[in-house]
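Undergrad: This is the structure, below, for whatever I ask next.
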Amino acid sequence: MKLIYSRPKSLKKAVFHYCPGCGHSVAHRLICEVIDEMGLQEKTLGIPPPGCSVFAYNYFDVDMAESAHGRGAAVATGVKRAYPEIVVFTYQGDGDLAGIGTAETIHAANRGENITTIFINNAVYGMTGGQMAPTTLCGMKTTTTPYGRDHLLEGHPIKMSEILALLEGVAYIERVAVNSPSNIRKTKKAIAKAFQMQLDKRGFSMVEILSPCPTNWKMSSVQAWKWVDEEMAKVFPLGVFKDVTEKKDAD
């Protein structure tokens with residue numbers, strides 16, 4: 001029998017600690033598939049910060065360097081400038097990238113640092129107990145917004161893809177999801193595109209991934225994956241927000 005699907009070489013044989021229905025495990029596999037298919041395992045360094053993905057070094061069989069909370073882009077900048085020949089990616093959640101790490105992320109993008117960011121947006125602080133995140137939807141209940149997020153009190157959910165796409169140093173921004181087979185295929189394609197942007201030395205690239213969090217959303221896995229389409233994608237629409245190669249082709 002012909003083998004058509006197997007574990008990526010750059011994904012370690014370890015049991016994920018993520019909750020059932022969580023999108024992190026899918027995102028991990030997709031990144032590893034891209035690394036293998038592009039032949040990057042021996043020249044890639046990943047940077048996960050604290051959060052649900054704090055133990056990502058147990059799963060990715062590539063060089064890894066942990067960063068302080070929110071400082072992924074800053075650490076990636078230093079690593080990439082010291083070793084410009086390698087592929088450097090950060091793997092960050094919404095509280096990390098869009099909360100405590102907002103400044104590092106925006107300025108790294110604005111400088112056009114030649115790094116790739118994988119941004120997992122599940123609209124909640126996962127590891128610390130389900131508090132409101134910068135990306136929490138209005139009306140969404142969390143442990144710190146038990147009656148639902150009120151934009152008059154807590155503001156609106158921040159849209160990092162739209163914000164970063166405005167910056168001159170950014171080469172590629174796309175928002176995708178991992179809640180269906182078709183979306184998963186599009187996510188893999190986006191990750192590969194972002195890595196290629198870095199290989200081509202075009203500047204900062206980011207793939208934002210809408211990811212279900214059944215545990216903190218208080219839903220079943222099936223309900224959570226449907227909620228991504230029915231509610232989350234309405235606030236965070238999927239699509240490409242910037243692609244400098246498309247602009248060049250148009251010219």
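Following the order of the structure tokens, chains are lettered A, B, ..., residues in each are numbered from 1, and ligands are numbered from 1.
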Which residues are near A:His69? Cut-off 12 Å, only C-alpha atoms, ignore same chain within fewer than 4 positions. Put them as a list in words.
TA: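 My list of contacting residues is Ile47, Pro48, Pro49, Pro50, Gly51, Cys52, Ser53, Val54, Ala73, Ala74, Val75, Thr90, Tyr91, Gln92, Gly93, Asp94, Gly95, Asp96, Leu97, Ala98, Gly99, Ile100, Gly101, Thr102 and Glu104 of chain A.
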Undergrad: Can you list every residue in stretch 38-239 of chain A that DSSP puts in alpha helix (DSSP H), as a PyMOL selection string?
TA: chain A and resi 72-82+94-95+102-111+151-154+160-164+181-199+214-217+221-227+233-235
Undergrad: Go ahead and write the selection's residues with C-alpha atoms as a PDB file, in the first residue's frame.
TA:
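again.pdb, freshly written:
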ATOM      1  CA  GLY A  72       8.962  37.467  20.222  1.00  0.00           C
ATOM      2  CA  ALA A  73       9.520  40.043  17.483  1.00  0.00           C
ATOM      3  CA  ALA A  74      12.369  41.640  19.414  1.00  0.00           C
ATOM      4  CA  VAL A  75      14.134  38.320  19.954  1.00  0.00           C
ATOM      5  CA  ALA A  76      13.523  37.329  16.337  1.00  0.00           C
ATOM      6  CA  THR A  77      15.019  40.627  15.188  1.00  0.00           C
ATOM      7  CA  GLY A  78      18.230  39.973  17.112  1.00  0.00           C
ATOM      8  CA  VAL A  79      18.516  36.384  15.920  1.00  0.00           C
ATOM      9  CA  LYS A  80      17.845  37.256  12.277  1.00  0.00           C
ATOM     10  CA  ARG A  81      20.325  40.119  12.260  1.00  0.00           C
ATOM     11  CA  ALA A  82      22.980  37.889  13.819  1.00  0.00           C
ATOM     12  CA  ASP A  94      -3.263  37.195  20.705  1.00  0.00           C
ATOM     13  CA  GLY A  95      -2.493  38.243  24.271  1.00  0.00           C
ATOM     14  CA  THR A 102       2.094  45.340  20.577  1.00  0.00           C
ATOM     15  CA  ALA A 103       5.044  47.740  20.482  1.00  0.00           C
ATOM     16  CA  GLU A 104       7.621  45.088  19.588  1.00  0.00           C
ATOM     17  CA  THR A 105       5.397  43.698  16.847  1.00  0.00           C
ATOM     18  CA  ILE A 106       4.500  47.023  15.246  1.00  0.00           C
ATOM     19  CA  HIS A 107       8.039  48.405  15.262  1.00  0.00           C
ATOM     20  CA  ALA A 108       9.594  45.179  13.925  1.00  0.00           C
ATOM     21  CA  ALA A 109       7.037  45.228  11.123  1.00  0.00           C
ATOM     22  CA  ASN A 110       7.585  48.929  10.455  1.00  0.00           C
ATOM     23  CA  ARG A 111      11.353  48.403  10.236  1.00  0.00           C
ATOM     24  CA  HIS A 151     -16.779  48.327  23.877  1.00  0.00           C
ATOM     25  CA  LEU A 152     -17.613  51.374  26.010  1.00  0.00           C
ATOM     26  CA  LEU A 153     -15.601  49.899  28.885  1.00  0.00           C
ATOM     27  CA  GLU A 154     -13.038  47.575  27.312  1.00  0.00           C
ATOM     28  CA  MET A 160      -3.616  43.414  13.941  1.00  0.00           C
ATOM     29  CA  SER A 161      -3.597  42.253  10.329  1.00  0.00           C
ATOM     30  CA  GLU A 162      -5.359  45.394   9.173  1.00  0.00           C
ATOM     31  CA  ILE A 163      -3.062  47.594  11.275  1.00  0.00           C
ATOM     32  CA  LEU A 164       0.212  45.984  10.195  1.00  0.00           C
ATOM     33  CA  PRO A 181     -10.294  21.110   5.620  1.00  0.00           C
ATOM     34  CA  SER A 182     -10.513  23.878   3.013  1.00  0.00           C
ATOM     35  CA  ASN A 183      -9.356  26.527   5.488  1.00  0.00           C
ATOM     36  CA  ILE A 184      -6.531  24.285   6.666  1.00  0.00           C
ATOM     37  CA  ARG A 185      -5.261  23.949   3.098  1.00  0.00           C
ATOM     38  CA  LYS A 186      -5.374  27.735   2.665  1.00  0.00           C
ATOM     39  CA  THR A 187      -3.502  28.173   5.953  1.00  0.00           C
ATOM     40  CA  LYS A 188      -0.690  25.897   4.811  1.00  0.00           C
ATOM     41  CA  LYS A 189      -0.419  27.829   1.564  1.00  0.00           C
ATOM     42  CA  ALA A 190      -0.236  31.121   3.481  1.00  0.00           C
ATOM     43  CA  ILE A 191       2.516  29.824   5.788  1.00  0.00           C
ATOM     44  CA  ALA A 192       4.550  28.686   2.787  1.00  0.00           C
ATOM     45  CA  LYS A 193       4.060  32.106   1.159  1.00  0.00           C
ATOM     46  CA  ALA A 194       5.220  33.882   4.324  1.00  0.00           C
ATOM     47  CA  PHE A 195       8.357  31.742   4.562  1.00  0.00           C
ATOM     48  CA  GLN A 196       9.098  32.367   0.901  1.00  0.00           C
ATOM     49  CA  MET A 197       8.824  36.118   1.494  1.00  0.00           C
ATOM     50  CA  GLN A 198      11.558  35.785   4.099  1.00  0.00           C
ATOM     51  CA  LEU A 199      13.746  33.669   1.809  1.00  0.00           C
ATOM     52  CA  PRO A 214     -13.264  25.061  23.114  1.00  0.00           C
ATOM     53  CA  THR A 215     -12.157  24.974  26.758  1.00  0.00           C
ATOM     54  CA  ASN A 216     -12.236  28.723  27.388  1.00  0.00           C
ATOM     55  CA  TRP A 217     -15.130  29.368  25.028  1.00  0.00           C
ATOM     56  CA  SER A 221     -15.052  21.085  19.772  1.00  0.00           C
ATOM     57  CA  VAL A 222     -17.671  20.998  17.002  1.00  0.00           C
ATOM     58  CA  GLN A 223     -19.424  24.106  18.328  1.00  0.00           C
ATOM     59  CA  ALA A 224     -16.124  25.969  18.609  1.00  0.00           C
ATOM     60  CA  TRP A 225     -15.070  25.183  15.062  1.00  0.00           C
ATOM     61  CA  LYS A 226     -18.458  26.364  13.764  1.00  0.00           C
ATOM     62  CA  TRP A 227     -18.239  29.530  15.889  1.00  0.00           C
ATOM     63  CA  ALA A 233     -14.729  35.546  10.945  1.00  0.00           C
ATOM     64  CA  LYS A 234     -17.359  38.306  10.824  1.00  0.00           C
ATOM     65  CA  VAL A 235     -15.156  40.471  13.044  1.00  0.00           C
TER      66      VAL A 235
END
Undergrad: Go through A:Ala65, A:Leu3, A:Cys22, A:Leu11 one by one, measure the shortest atom-to-atom distance of each to A:Met219 using only C-alpha atoms, and give the residue with the smallest value.
TA: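 Under the stated criterion, the closest residue is A:Cys22.
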Undergrad: As an NGL selection string, which residues of stretch 149-242 of chain A does DSSP assign to strand (DSSP E or B)?
TA: :A and (149 or 170-177 or 204-210 or 239-242)
Undergrad: Using N, CA and C atoms, can you export the residues from the last selection as a tab-separated table (two decimals), in the first residue's frame?
TA:
chain	number	residue	atom	x	y	z
A	149	ARG	N	-17.97	41.38	26.66
A	149	ARG	CA	-17.12	42.55	26.43
A	149	ARG	C	-17.96	43.74	25.98
A	170	VAL	N	6.19	46.07	5.76
A	170	VAL	CA	5.49	44.78	5.70
A	170	VAL	C	5.40	44.29	4.25
A	171	ALA	N	5.73	43.01	4.07
A	171	ALA	CA	5.69	42.40	2.74
A	171	ALA	C	4.43	41.58	2.51
A	172	TYR	N	3.96	40.92	3.57
A	172	TYR	CA	2.85	39.98	3.38
A	172	TYR	C	2.07	39.80	4.67
A	173	ILE	N	0.75	39.97	4.59
A	173	ILE	CA	-0.15	39.73	5.72
A	173	ILE	C	-1.37	38.98	5.19
A	174	GLU	N	-1.68	37.86	5.83
A	174	GLU	CA	-2.90	37.13	5.47
A	174	GLU	C	-3.54	36.56	6.73
A	175	ARG	N	-4.88	36.61	6.76
A	175	ARG	CA	-5.63	36.00	7.87
A	175	ARG	C	-6.33	34.75	7.35
A	176	VAL	N	-6.12	33.66	8.05
A	176	VAL	CA	-6.66	32.36	7.66
A	176	VAL	C	-7.30	31.71	8.87
A	177	ALA	N	-7.68	30.44	8.76
A	177	ALA	CA	-8.31	29.72	9.87
A	177	ALA	C	-7.98	28.24	9.76
A	204	PHE	N	8.99	41.99	6.52
A	204	PHE	CA	8.16	41.35	7.55
A	204	PHE	C	6.94	40.66	6.94
A	205	SER	N	6.66	39.46	7.42
A	205	SER	CA	5.46	38.75	6.97
A	205	SER	C	4.75	38.15	8.17
A	206	MET	N	3.42	38.08	8.10
A	206	MET	CA	2.64	37.51	9.21
A	206	MET	C	1.43	36.75	8.68
A	207	VAL	N	1.19	35.59	9.27
A	207	VAL	CA	-0.01	34.82	9.00
A	207	VAL	C	-0.82	34.78	10.29
A	208	GLU	N	-1.98	35.40	10.27
A	208	GLU	CA	-2.88	35.36	11.43
A	208	GLU	C	-3.83	34.18	11.25
A	209	ILE	N	-3.89	33.32	12.26
A	209	ILE	CA	-4.70	32.12	12.18
A	209	ILE	C	-5.83	32.17	13.21
A	210	LEU	N	-7.07	32.20	12.74
A	210	LEU	CA	-8.21	32.10	13.65
A	210	LEU	C	-8.29	30.66	14.14
A	239	GLY	N	-8.58	36.59	4.57
A	239	GLY	CA	-8.11	37.12	3.30
A	239	GLY	C	-6.71	37.71	3.37
A	240	VAL	N	-6.20	38.11	2.23
A	240	VAL	CA	-4.88	38.73	2.13
A	240	VAL	C	-5.04	40.23	2.33
A	241	PHE	N	-4.26	40.80	3.24
A	241	PHE	CA	-4.33	42.23	3.51
A	241	PHE	C	-3.17	42.99	2.88
A	242	LYS	N	-2.09	42.27	2.61
A	242	LYS	CA	-0.97	42.90	1.89
A	242	LYS	C	-0.10	41.82	1.28
Undergrad: List the neighbours of A:Leu137 out to 12 Å using only C-alpha atoms; skip same-chain residues closer than 4 positions along the sequence, and give me the result as an MDAnalysis selection string.
TA: chainID A and resid 121:124 132:133 141:142 145 148:151 154:159 217 227:228 231:236
Undergrad: Do a neighbour search on A:Phe89 at 8 Å with only C-alpha atoms, toss out local chain neighbours closer than 3 positions, and write the hits as a list in words.
TA: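 So the residues in contact are Thr44, Leu45, Gly46, Ile47, Ala76, Ile115, Thr116, Thr117 and Ile118 of chain A.
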Undergrad: Pull C-alpha atoms from the residues just selected and write them as a PDB file, in the first residue's frame.
TA:
ATOM      1  CA  THR A  44      15.049  27.243  10.804  1.00  0.00           C
ATOM      2  CA  LEU A  45      14.719  28.741  14.285  1.00  0.00           C
ATOM      3  CA  GLY A  46      11.359  29.164  15.995  1.00  0.00           C
ATOM      4  CA  ILE A  47      10.584  31.567  18.828  1.00  0.00           C
ATOM      5  CA  ALA A  76      13.523  37.329  16.337  1.00  0.00           C
ATOM      6  CA  ILE A 115      11.152  37.601   9.867  1.00  0.00           C
ATOM      7  CA  THR A 116       7.923  35.604   9.777  1.00  0.00           C
ATOM      8  CA  THR A 117       5.251  35.682  12.480  1.00  0.00           C
ATOM      9  CA  ILE A 118       2.602  33.024  13.000  1.00  0.00           C
TER      10      ILE A 118
END
Undergrad: Excluding A:Val26 and its own-chain neighbours fewer than 2 positions away, which residues fall within 10 Å of it when counting only C-alpha atoms? Please give them as a list in words.
TA: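 Using only C-alpha atoms, the neighbours found are Gly21, Cys22, Gly23, His24, His28, Arg29, Leu30, Ile31, Val178, Asn179, Ile184, Thr187, Lys188 and Ser211 of chain A.
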Undergrad: Go ahead and dump the residues you just picked, N, CA and C atoms, as a short mmCIF file (atom, residue, chain, number, x, y, z; two decimals), in the first residue's frame.
TA:
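Done, and the output landed in result02.cif:
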data_model
loop_
_atom_site.label_atom_id
_atom_site.label_comp_id
_atom_site.auth_asym_id
_atom_site.auth_seq_id
_atom_site.Cartn_x
_atom_site.Cartn_y
_atom_site.Cartn_z
N GLY A 21 -9.75 19.75 20.37
CA GLY A 21 -10.39 20.76 19.54
C GLY A 21 -9.59 22.04 19.37
N CYS A 22 -8.48 22.17 20.07
CA CYS A 22 -7.64 23.36 19.96
C CYS A 22 -6.96 23.40 18.59
N GLY A 23 -6.77 24.60 18.06
CA GLY A 23 -6.16 24.73 16.75
C GLY A 23 -4.65 24.73 16.73
N HIS A 24 -4.03 24.81 17.91
CA HIS A 24 -2.57 24.86 17.95
C HIS A 24 -1.93 23.63 17.31
N HIS A 28 0.70 23.65 14.29
CA HIS A 28 2.04 23.08 14.44
C HIS A 28 2.35 22.16 13.26
N ARG A 29 1.42 21.27 12.98
CA ARG A 29 1.66 20.32 11.90
C ARG A 29 1.85 21.03 10.55
N LEU A 30 1.03 22.02 10.29
CA LEU A 30 1.13 22.73 9.02
C LEU A 30 2.49 23.41 8.87
N ILE A 31 2.96 24.03 9.93
CA ILE A 31 4.28 24.68 9.89
C ILE A 31 5.35 23.64 9.59
N VAL A 178 -8.19 27.52 10.86
CA VAL A 178 -7.91 26.07 10.86
C VAL A 178 -9.13 25.29 11.35
N ASN A 179 -10.31 25.70 10.92
CA ASN A 179 -11.54 25.08 11.41
C ASN A 179 -12.26 24.23 10.36
N ILE A 184 -7.84 24.82 6.29
CA ILE A 184 -6.53 24.29 6.67
C ILE A 184 -5.59 24.29 5.47
N THR A 187 -4.46 27.76 4.92
CA THR A 187 -3.50 28.17 5.95
C THR A 187 -2.11 27.67 5.62
N LYS A 188 -2.01 26.44 5.19
CA LYS A 188 -0.69 25.90 4.81
C LYS A 188 -0.08 26.70 3.67
N SER A 211 -8.22 30.50 15.46
CA SER A 211 -8.08 29.17 16.03
C SER A 211 -9.10 28.95 17.14
#
Undergrad: How far is it from atom CA of A:Glu113 to atom CA of A:Arg202, in Å with one decimal?
TA: 8.9 Å
